[in-house]
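Take a look at the structure below.
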Amino acid sequence: MTTAAPTRAEPRRSPSSSWPPSQIILTLLGTAVSVVFLAPFAWGLFTSLKSETEAVEVPPHWLPEDWTGQAWTALFETGNITNWFVNSLVVSVCVTSVVLLVSALAGYGFARTEFRGKSVLMGVVMAGLMISPAVLGVPLFTTVQQMGMVDTYWGMILPQCAPAAMVYILYKFFQGIPRELEEAAFIDGAGRWRVFFTIVVPLARPSLAAVGIFTFIASWNNFLWPYMVTNNPDLMTMPNGIATVMNSYGIQWAQLMAGGLMAGLPLIVVFVFFQRQIVAGVAHTGLAGQ
């Protein structure tokens with residue numbers, strides 16, 4: 001009869017051993033970088049809670065001597081914040097929806113179908129990545145004016161729905177999907193559209209989420225195009241409306257900081273709740289290693 005040799009109990013690691021020097025250095029470095037990035041937000045918040053006289057004092061100081069919400073109250077009284085917020089939300093959501101649909105269809109078409117002139121069209125898409133949107137401002141405005149879409153939602157939405165970068169991102173992702181998955185569905189009798197919506201789209205959720213988030217942020221922050229295409233105060237977006245208030249009443253720094261925080265609040269919420277989708281989307285596009 002043999003007896004099993006007693007096993008040695010592994011020594012418990014002390015709490016200090018779970019934090020090696022490299023981890024401590026990285027944590028301190030990450031904390032320092034976070035402080036640098038959060039400092040402007042803290043400065044804007046504290047400035048918005050100062051009086052206008054205190055906001056322009058030299059030398060400046062971080063914390064208000066007299067805490068007041070006068071800037072926030074004045075911002076809501078002098079500007080139609082609710083209307084601007086709704087306009088920005090409508091434009092950004094519509095642009096994001098159209099861009100997701102167009103980018104997914106175009107990216108899948110380039111990745112999986114062969115047709116005459118494919119390389120030429122792909123070259124046109126790639127050329128769109130090298131052209132600044134500001135260069136196209138005058139031709140786009142002339143086109144929108146001729147179509148009678150000035151001072152309309154469509155005039156603000158449609159010109160933002162030519163997403164060359166988003167098409168390329170999804171094109172690279174669709175190239176990485178194994179063709180065997182689609183071929184098996186074709187053998188079972190599924191058509192091209194069914195394969196696209198039941199197999200390809202579910203696999204592309206991380207990339208679609210990243211494209212949607214990037215598009216929403218870009219549309220929400222877009223100042224130049226809505227400023228060019230509309231003069232109607234009832235159709236202004238958040239960046240344009242806040243700029244109008246600043247131009248009408250002079251530079252009120254406390255109000256400017258309050259307006260900037262108000263305009264940036266939805267983007268902060270998007271980053272906080274969808275940061276995993278952003279990281280996963282970039283990792284699945286195939287662009288991370290390029």
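Chain lettering (A, B, ...) mirrors the order of the structure tokens, residue numbering begins at 1 for each chain separately, and ligand numbering begins at 1 in order of display.
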
What's the 6 Å shell around stretch 216-226 of chain A, counting only C-alpha atoms, without same-chain residues fewer than 5 positions away, as a VMD selection string? chain A and resid 92 96 156 239

With only C-alpha atoms as the counted atoms, please give the residues lying no more than 12 Å from A:Glu183, apart from itself and same-chain residues fewer than 6 positions off, as a list in words.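 Neighbouring residues, sequence-local ones excluded: Arg112, Ile177, Gly189, Ala190, Gly191, Arg192, Val195, Phe196, Ile199 and Val200 of chain A.
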
What does the file look like for those residues with all heavy atoms, as a PDB file, in the first residue's frame?
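Dumped everything to selection-v8.pdb:
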```
ATOM      1  N   ARG A 112     -16.318  41.954 -50.553  1.00  0.00           N
ATOM      2  CA  ARG A 112     -16.807  40.635 -50.935  1.00  0.00           C
ATOM      3  C   ARG A 112     -17.272  40.512 -52.385  1.00  0.00           C
ATOM      4  O   ARG A 112     -17.529  39.401 -52.841  1.00  0.00           O
ATOM      5  CB  ARG A 112     -17.987  40.248 -50.027  1.00  0.00           C
ATOM      6  CG  ARG A 112     -17.553  39.829 -48.626  1.00  0.00           C
ATOM      7  CD  ARG A 112     -16.752  38.540 -48.705  1.00  0.00           C
ATOM      8  NE  ARG A 112     -16.465  37.995 -47.384  1.00  0.00           N
ATOM      9  CZ  ARG A 112     -15.347  38.195 -46.729  1.00  0.00           C
ATOM     10  NH1 ARG A 112     -14.395  38.950 -47.270  1.00  0.00           N
ATOM     11  NH2 ARG A 112     -15.149  37.664 -45.531  1.00  0.00           N
ATOM     12  N   ILE A 177     -13.181  38.682 -42.063  1.00  0.00           N
ATOM     13  CA  ILE A 177     -14.178  37.649 -41.755  1.00  0.00           C
ATOM     14  C   ILE A 177     -13.938  36.440 -42.657  1.00  0.00           C
ATOM     15  O   ILE A 177     -13.825  36.584 -43.882  1.00  0.00           O
ATOM     16  CB  ILE A 177     -15.603  38.192 -41.959  1.00  0.00           C
ATOM     17  CG1 ILE A 177     -15.875  39.333 -40.980  1.00  0.00           C
ATOM     18  CG2 ILE A 177     -16.638  37.086 -41.777  1.00  0.00           C
ATOM     19  CD1 ILE A 177     -17.255  39.947 -41.134  1.00  0.00           C
ATOM     20  N   GLY A 189     -28.703  27.720 -48.741  1.00  0.00           N
ATOM     21  CA  GLY A 189     -29.773  28.392 -49.463  1.00  0.00           C
ATOM     22  C   GLY A 189     -29.998  29.840 -49.083  1.00  0.00           C
ATOM     23  O   GLY A 189     -30.963  30.455 -49.562  1.00  0.00           O
ATOM     24  N   ALA A 190     -29.167  30.413 -48.251  1.00  0.00           N
ATOM     25  CA  ALA A 190     -29.336  31.816 -47.876  1.00  0.00           C
ATOM     26  C   ALA A 190     -28.855  32.720 -48.996  1.00  0.00           C
ATOM     27  O   ALA A 190     -27.895  32.411 -49.706  1.00  0.00           O
ATOM     28  CB  ALA A 190     -28.559  32.113 -46.592  1.00  0.00           C
ATOM     29  N   GLY A 191     -29.532  33.855 -49.150  1.00  0.00           N
ATOM     30  CA  GLY A 191     -29.144  34.829 -50.150  1.00  0.00           C
ATOM     31  C   GLY A 191     -28.117  35.814 -49.601  1.00  0.00           C
ATOM     32  O   GLY A 191     -27.741  35.782 -48.435  1.00  0.00           O
ATOM     33  N   ARG A 192     -27.674  36.697 -50.496  1.00  0.00           N
ATOM     34  CA  ARG A 192     -26.641  37.656 -50.112  1.00  0.00           C
ATOM     35  C   ARG A 192     -27.123  38.572 -48.987  1.00  0.00           C
ATOM     36  O   ARG A 192     -26.400  38.845 -48.038  1.00  0.00           O
ATOM     37  CB  ARG A 192     -26.229  38.476 -51.332  1.00  0.00           C
ATOM     38  CG  ARG A 192     -25.238  39.594 -51.034  1.00  0.00           C
ATOM     39  CD  ARG A 192     -23.866  39.078 -50.667  1.00  0.00           C
ATOM     40  NE  ARG A 192     -23.210  38.458 -51.808  1.00  0.00           N
ATOM     41  CZ  ARG A 192     -21.986  37.955 -51.772  1.00  0.00           C
ATOM     42  NH1 ARG A 192     -21.310  37.950 -50.626  1.00  0.00           N
ATOM     43  NH2 ARG A 192     -21.434  37.409 -52.839  1.00  0.00           N
ATOM     44  N   VAL A 195     -27.363  36.675 -45.633  1.00  0.00           N
ATOM     45  CA  VAL A 195     -26.032  36.441 -45.087  1.00  0.00           C
ATOM     46  C   VAL A 195     -25.484  37.722 -44.462  1.00  0.00           C
ATOM     47  O   VAL A 195     -24.889  37.706 -43.374  1.00  0.00           O
ATOM     48  CB  VAL A 195     -25.089  35.926 -46.191  1.00  0.00           C
ATOM     49  CG1 VAL A 195     -23.645  35.927 -45.711  1.00  0.00           C
ATOM     50  CG2 VAL A 195     -25.504  34.536 -46.626  1.00  0.00           C
ATOM     51  N   PHE A 196     -25.726  38.827 -45.138  1.00  0.00           N
ATOM     52  CA  PHE A 196     -25.205  40.102 -44.634  1.00  0.00           C
ATOM     53  C   PHE A 196     -25.833  40.460 -43.286  1.00  0.00           C
ATOM     54  O   PHE A 196     -25.126  40.831 -42.345  1.00  0.00           O
ATOM     55  CB  PHE A 196     -25.473  41.208 -45.654  1.00  0.00           C
ATOM     56  CG  PHE A 196     -25.062  42.579 -45.192  1.00  0.00           C
ATOM     57  CD1 PHE A 196     -23.726  42.928 -45.130  1.00  0.00           C
ATOM     58  CD2 PHE A 196     -26.011  43.513 -44.821  1.00  0.00           C
ATOM     59  CE1 PHE A 196     -23.340  44.196 -44.696  1.00  0.00           C
ATOM     60  CE2 PHE A 196     -25.639  44.766 -44.388  1.00  0.00           C
ATOM     61  CZ  PHE A 196     -24.297  45.118 -44.334  1.00  0.00           C
ATOM     62  N   ILE A 199     -25.346  37.127 -40.513  1.00  0.00           N
ATOM     63  CA  ILE A 199     -24.009  36.624 -40.184  1.00  0.00           C
ATOM     64  C   ILE A 199     -22.984  37.753 -40.083  1.00  0.00           C
ATOM     65  O   ILE A 199     -22.274  37.880 -39.081  1.00  0.00           O
ATOM     66  CB  ILE A 199     -23.549  35.584 -41.228  1.00  0.00           C
ATOM     67  CG1 ILE A 199     -24.479  34.369 -41.200  1.00  0.00           C
ATOM     68  CG2 ILE A 199     -22.103  35.170 -40.981  1.00  0.00           C
ATOM     69  CD1 ILE A 199     -24.142  33.316 -42.228  1.00  0.00           C
ATOM     70  N   VAL A 200     -22.912  38.573 -41.117  1.00  0.00           N
ATOM     71  CA  VAL A 200     -21.861  39.589 -41.173  1.00  0.00           C
ATOM     72  C   VAL A 200     -22.108  40.705 -40.162  1.00  0.00           C
ATOM     73  O   VAL A 200     -21.204  41.096 -39.413  1.00  0.00           O
ATOM     74  CB  VAL A 200     -21.758  40.155 -42.602  1.00  0.00           C
ATOM     75  CG1 VAL A 200     -20.724  41.271 -42.648  1.00  0.00           C
ATOM     76  CG2 VAL A 200     -21.393  39.049 -43.583  1.00  0.00           C
TER      77      VAL A 200
END
```

Pick from A:Leu100, A:Leu89, A:Val120, A:Leu158 nearest to A:Val229, counting only C-alpha atoms: A:Leu158

Computed interatomic separation between atom CA of A:Trp193 and atom CA of A:Phe115 (Å):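 Value for the atom CA of A:Trp193-atom CA of A:Phe115 distance: 17.5 Å.
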
Who sits within 12 Å of A:Val167, only C-alpha atoms, same chain under 4 positions skipped, as a PyMOL selection string: chain A and resi 99-111+121-122+124-126+128-129+161-163+171-174+207-208+211-212+215+285

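When only C-alpha atoms are used to measure the gap to A:Ile242, the shortest distance among A:Val272, A:Ala74, A:Ala39, A:Ala165 belongs to A:Ala74.
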
Find the residues near A:Gly155: any atom within 12 Å, counting only C-alpha atoms, skip ones fewer than 6 places away on the same chain, and give them as a VMD selection string. chain A and resid 91 95 140 to 149 161 225 to 231 235

Write a file of the just-selected residues containing C-alpha atoms, as a PDB file, in the first residue's frame.
```
ATOM      1  CA  VAL A  91     -28.679  65.942 -36.541  1.00  0.00           C
ATOM      2  CA  VAL A  95     -26.041  61.390 -39.481  1.00  0.00           C
ATOM      3  CA  LEU A 140     -21.218  71.809 -50.859  1.00  0.00           C
ATOM      4  CA  PHE A 141     -22.932  75.036 -49.879  1.00  0.00           C
ATOM      5  CA  THR A 142     -23.583  75.892 -53.532  1.00  0.00           C
ATOM      6  CA  THR A 143     -25.098  72.451 -54.120  1.00  0.00           C
ATOM      7  CA  VAL A 144     -27.269  72.635 -50.993  1.00  0.00           C
ATOM      8  CA  GLN A 145     -28.431  76.126 -51.941  1.00  0.00           C
ATOM      9  CA  GLN A 146     -29.408  75.020 -55.445  1.00  0.00           C
ATOM     10  CA  MET A 147     -31.381  72.125 -53.958  1.00  0.00           C
ATOM     11  CA  GLY A 148     -33.264  74.481 -51.641  1.00  0.00           C
ATOM     12  CA  MET A 149     -32.021  72.850 -48.441  1.00  0.00           C
ATOM     13  CA  CYS A 161     -23.018  61.444 -44.734  1.00  0.00           C
ATOM     14  CA  TRP A 225     -20.907  73.248 -41.672  1.00  0.00           C
ATOM     15  CA  PRO A 226     -24.033  73.985 -39.550  1.00  0.00           C
ATOM     16  CA  TYR A 227     -22.736  77.551 -39.197  1.00  0.00           C
ATOM     17  CA  MET A 228     -22.530  77.888 -42.993  1.00  0.00           C
ATOM     18  CA  VAL A 229     -25.824  76.266 -43.909  1.00  0.00           C
ATOM     19  CA  THR A 230     -28.229  77.847 -41.412  1.00  0.00           C
ATOM     20  CA  ASN A 231     -28.916  81.299 -40.011  1.00  0.00           C
ATOM     21  CA  LEU A 235     -32.168  75.327 -36.162  1.00  0.00           C
TER      22      LEU A 235
END
```

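If you look at atom CA of A:Ser51 and atom CA of A:Ile268, they are 25.3 Å away from each other.
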